[in-house]
Amino acid sequence: MPIRNESDRWGAVPQLFHWLIVLLILGQGALGLVMVELPKRPSVFAIYNLHKSIGLTILALAVLRLLWRVFDRRPKPLPMPRWQHLGAEIMHWALYVLLFAVPLSGWLFDSATGLRPLFWWGVLRMPSLTGGAAPHLRDLFEELHEMLFWALIALAVLHAAAAIKHHVIDRDDTLRRMLPWGRRASRKSNP
Ligand code: HEM
Ligand code: HEM
């Protein structure tokens, strides 16, 4: 499979970004929801650190993914009603915004608590986004982090439902061209 996008398919790198980020978001969301229910013992700090490092990794992947999108051509749109193109475009941009907003709100919350320095995988010291502890912003960022996460999940469910509808009901190539094994032997049904 070519690394870059083709006129009728997503390339290997954009596919890898897409599915890797999907898996990481799901794992990270589950980890976050379980983590906040655990008793606040010192042994739980390691789990918080893991959550923060995975979250920053998702943020870095989102940056790389967006850069790749800027420099690579996009596959040609498939034939479908105009409103569906518009809807998909709005949905994709909303997902990109949330891919940034969710980890950034977590980072802002962590910075506002000002408890201890933030390290990415225990190695790279990350700057505080609030320039030190900001107790008055702590609750706001905590709420925001949780709300934005659920907004991302809600949009991702709609987005996945649309992709499945295209595959099962419209029987077009929308989902197939985002899957590594989805190349058709014949392109007759993909004008
Ligand atoms: C896409 C990436 C991320 C996702 C999907 C995510 C998801 C979540 C979720 C679902 C929770 C539980 C919310 C609740 O029920 O209260 C949570 C909590 C938390 N997240 Fe994230 N998170 C991400 C990135 C980050 C980052 C980058 C940081 C910090 C650098 C971070 C720091 C935290 C902290 C400190 C909590 C605990 C909040 C509390 O104690 O109430 N998260 N996260
Ligand atoms: C956390 C979950 C997800 C996120 C954040 C997400 C995000 C995105 C984004 C931002 C795009 C636009 C790519 C671009 O134009 O550069 C996209 C495309 C796509 N996604 Fe997802 N996605 C998620 C889950 C899923 C799932 C579960 C499916 C399938 C069931 C799916 C199927 C697709 C397909 C088929 C495309 C290509 C659409 C097209 O060619 O117009 N996505 N996704």
# chains A, B, ... in the order shown; residues from 1 in each chain; ligands from 1
$ residues_around --residues "region 87-96 of chain A" --least-positions-apart "6" --cutoff "10 Å" --atoms "only C-alpha atoms" --output "list in words"
Ala62, Val63, Arg65, Leu66, Ala151, Leu152, Ile153, Leu155, Ala156, Leu158, His159, Ala162 and Ala163 of chain A
$ residues_around --residues "Ala134 (chain A)" --least-positions-apart "5" --cutoff "8 Å" --atoms "only C-alpha atoms" --output "JSON, numbers by chain"
{"A": [111, 112, 113, 114]}
$ write_last_selection --atoms "all heavy atoms" --output "PDB file, in the first residue's frame"
ATOM      1  N   SER A 111      -1.610  21.671  34.838  1.00  0.00           N
ATOM      2  CA  SER A 111      -0.816  22.877  35.124  1.00  0.00           C
ATOM      3  C   SER A 111      -1.462  23.685  36.243  1.00  0.00           C
ATOM      4  O   SER A 111      -0.771  24.185  37.145  1.00  0.00           O
ATOM      5  CB  SER A 111      -0.726  23.762  33.886  1.00  0.00           C
ATOM      6  OG  SER A 111      -0.150  23.069  32.817  1.00  0.00           O
ATOM      7  N   ALA A 112      -2.800  23.807  36.199  1.00  0.00           N
ATOM      8  CA  ALA A 112      -3.503  24.632  37.195  1.00  0.00           C
ATOM      9  C   ALA A 112      -3.367  24.049  38.599  1.00  0.00           C
ATOM     10  O   ALA A 112      -3.327  24.799  39.577  1.00  0.00           O
ATOM     11  CB  ALA A 112      -4.969  24.774  36.818  1.00  0.00           C
ATOM     12  N   THR A 113      -3.288  22.706  38.703  1.00  0.00           N
ATOM     13  CA  THR A 113      -3.132  22.116  40.047  1.00  0.00           C
ATOM     14  C   THR A 113      -1.755  22.485  40.615  1.00  0.00           C
ATOM     15  O   THR A 113      -1.619  22.640  41.820  1.00  0.00           O
ATOM     16  CB  THR A 113      -3.258  20.571  40.031  1.00  0.00           C
ATOM     17  OG1 THR A 113      -2.236  20.058  39.203  1.00  0.00           O
ATOM     18  CG2 THR A 113      -4.599  20.095  39.535  1.00  0.00           C
ATOM     19  N   GLY A 114      -0.762  22.612  39.738  1.00  0.00           N
ATOM     20  CA  GLY A 114       0.583  23.027  40.135  1.00  0.00           C
ATOM     21  C   GLY A 114       1.226  22.119  41.169  1.00  0.00           C
ATOM     22  O   GLY A 114       2.088  22.550  41.932  1.00  0.00           O
TER      23      GLY A 114
END
$ closest_residue --among "A:Gly122, A:Pro42, A:Gly132, A:Pro75" --to "ligand 2" --atoms "only C-alpha atoms and all ligand atoms"
A:Pro75
$ residues_around --residues "Ser7 (chain A)" --least-positions-apart "4" --cutoff "9 Å" --atoms "only C-alpha atoms" --output "list in words"
Arg73, Arg74, Pro75 and Lys76 of chain A
$ atom_distance --atom1 "CA of Arg82 (chain A)" --atom2 "CA of Pro14 (chain A)"
24.4 Å
$ atom_distance --atom1 "atom 4 (C, counted along the ligand's line) of ligand 2" --atom2 "CA of Gly182 (chain A)"
18.7 Å
$ residues_near_ligand --ligand "ligand 1" --cutoff "6 Å" --atoms "only C-alpha atoms and all ligand atoms" --output "ChimeraX atom specification"
/A:25,28-29,32-33,36,52,55-56,58,102-103,106-107,110,142,146,149
$ closest_residue --among "A:Asn49, A:Leu59, A:Met126, A:Leu26" --to "Ala101 (chain A)" --atoms "only C-alpha atoms"
A:Leu59
$ atom_distance --atom1 "CA of Ala12 (chain A)" --atom2 "CA of Asp172 (chain A)"
20.2 Å
$ closest_residue --among "A:Gly131, A:Phe17, A:Leu50, A:Phe119" --to "Leu67 (chain A)" --atoms "only C-alpha atoms"
A:Phe17
$ closest_residue --among "A:Leu20, A:Ile3, A:Met35, A:Ala60" --to "ligand 2" --atoms "only C-alpha atoms and all ligand atoms"
A:Leu20
$ select_by_dssp --residues "region 2-191 of chain A" --states "helix (DSSP H, G or I)" --output "JSON, numbers by chain"
{"A": [12, 13, 14, 15, 16, 17, 18, 19, 20, 21, 22, 23, 24, 25, 26, 27, 28, 29, 30, 31, 32, 33, 34, 35, 42, 43, 44, 45, 46, 47, 48, 49, 50, 51, 52, 53, 54, 55, 56, 57, 58, 59, 60, 61, 62, 63, 64, 65, 66, 67, 68, 69, 70, 71, 82, 83, 84, 85, 86, 87, 88, 89, 90, 91, 92, 93, 94, 95, 96, 97, 98, 99, 100, 101, 102, 103, 104, 105, 106, 107, 108, 109, 110, 111, 112, 113, 135, 136, 137, 138, 139, 140, 141, 142, 143, 144, 145, 146, 147, 148, 149, 150, 151, 152, 153, 154, 155, 156, 157, 158, 159, 160, 161, 162, 163, 164, 165, 166, 167, 168, 176, 177, 178]}
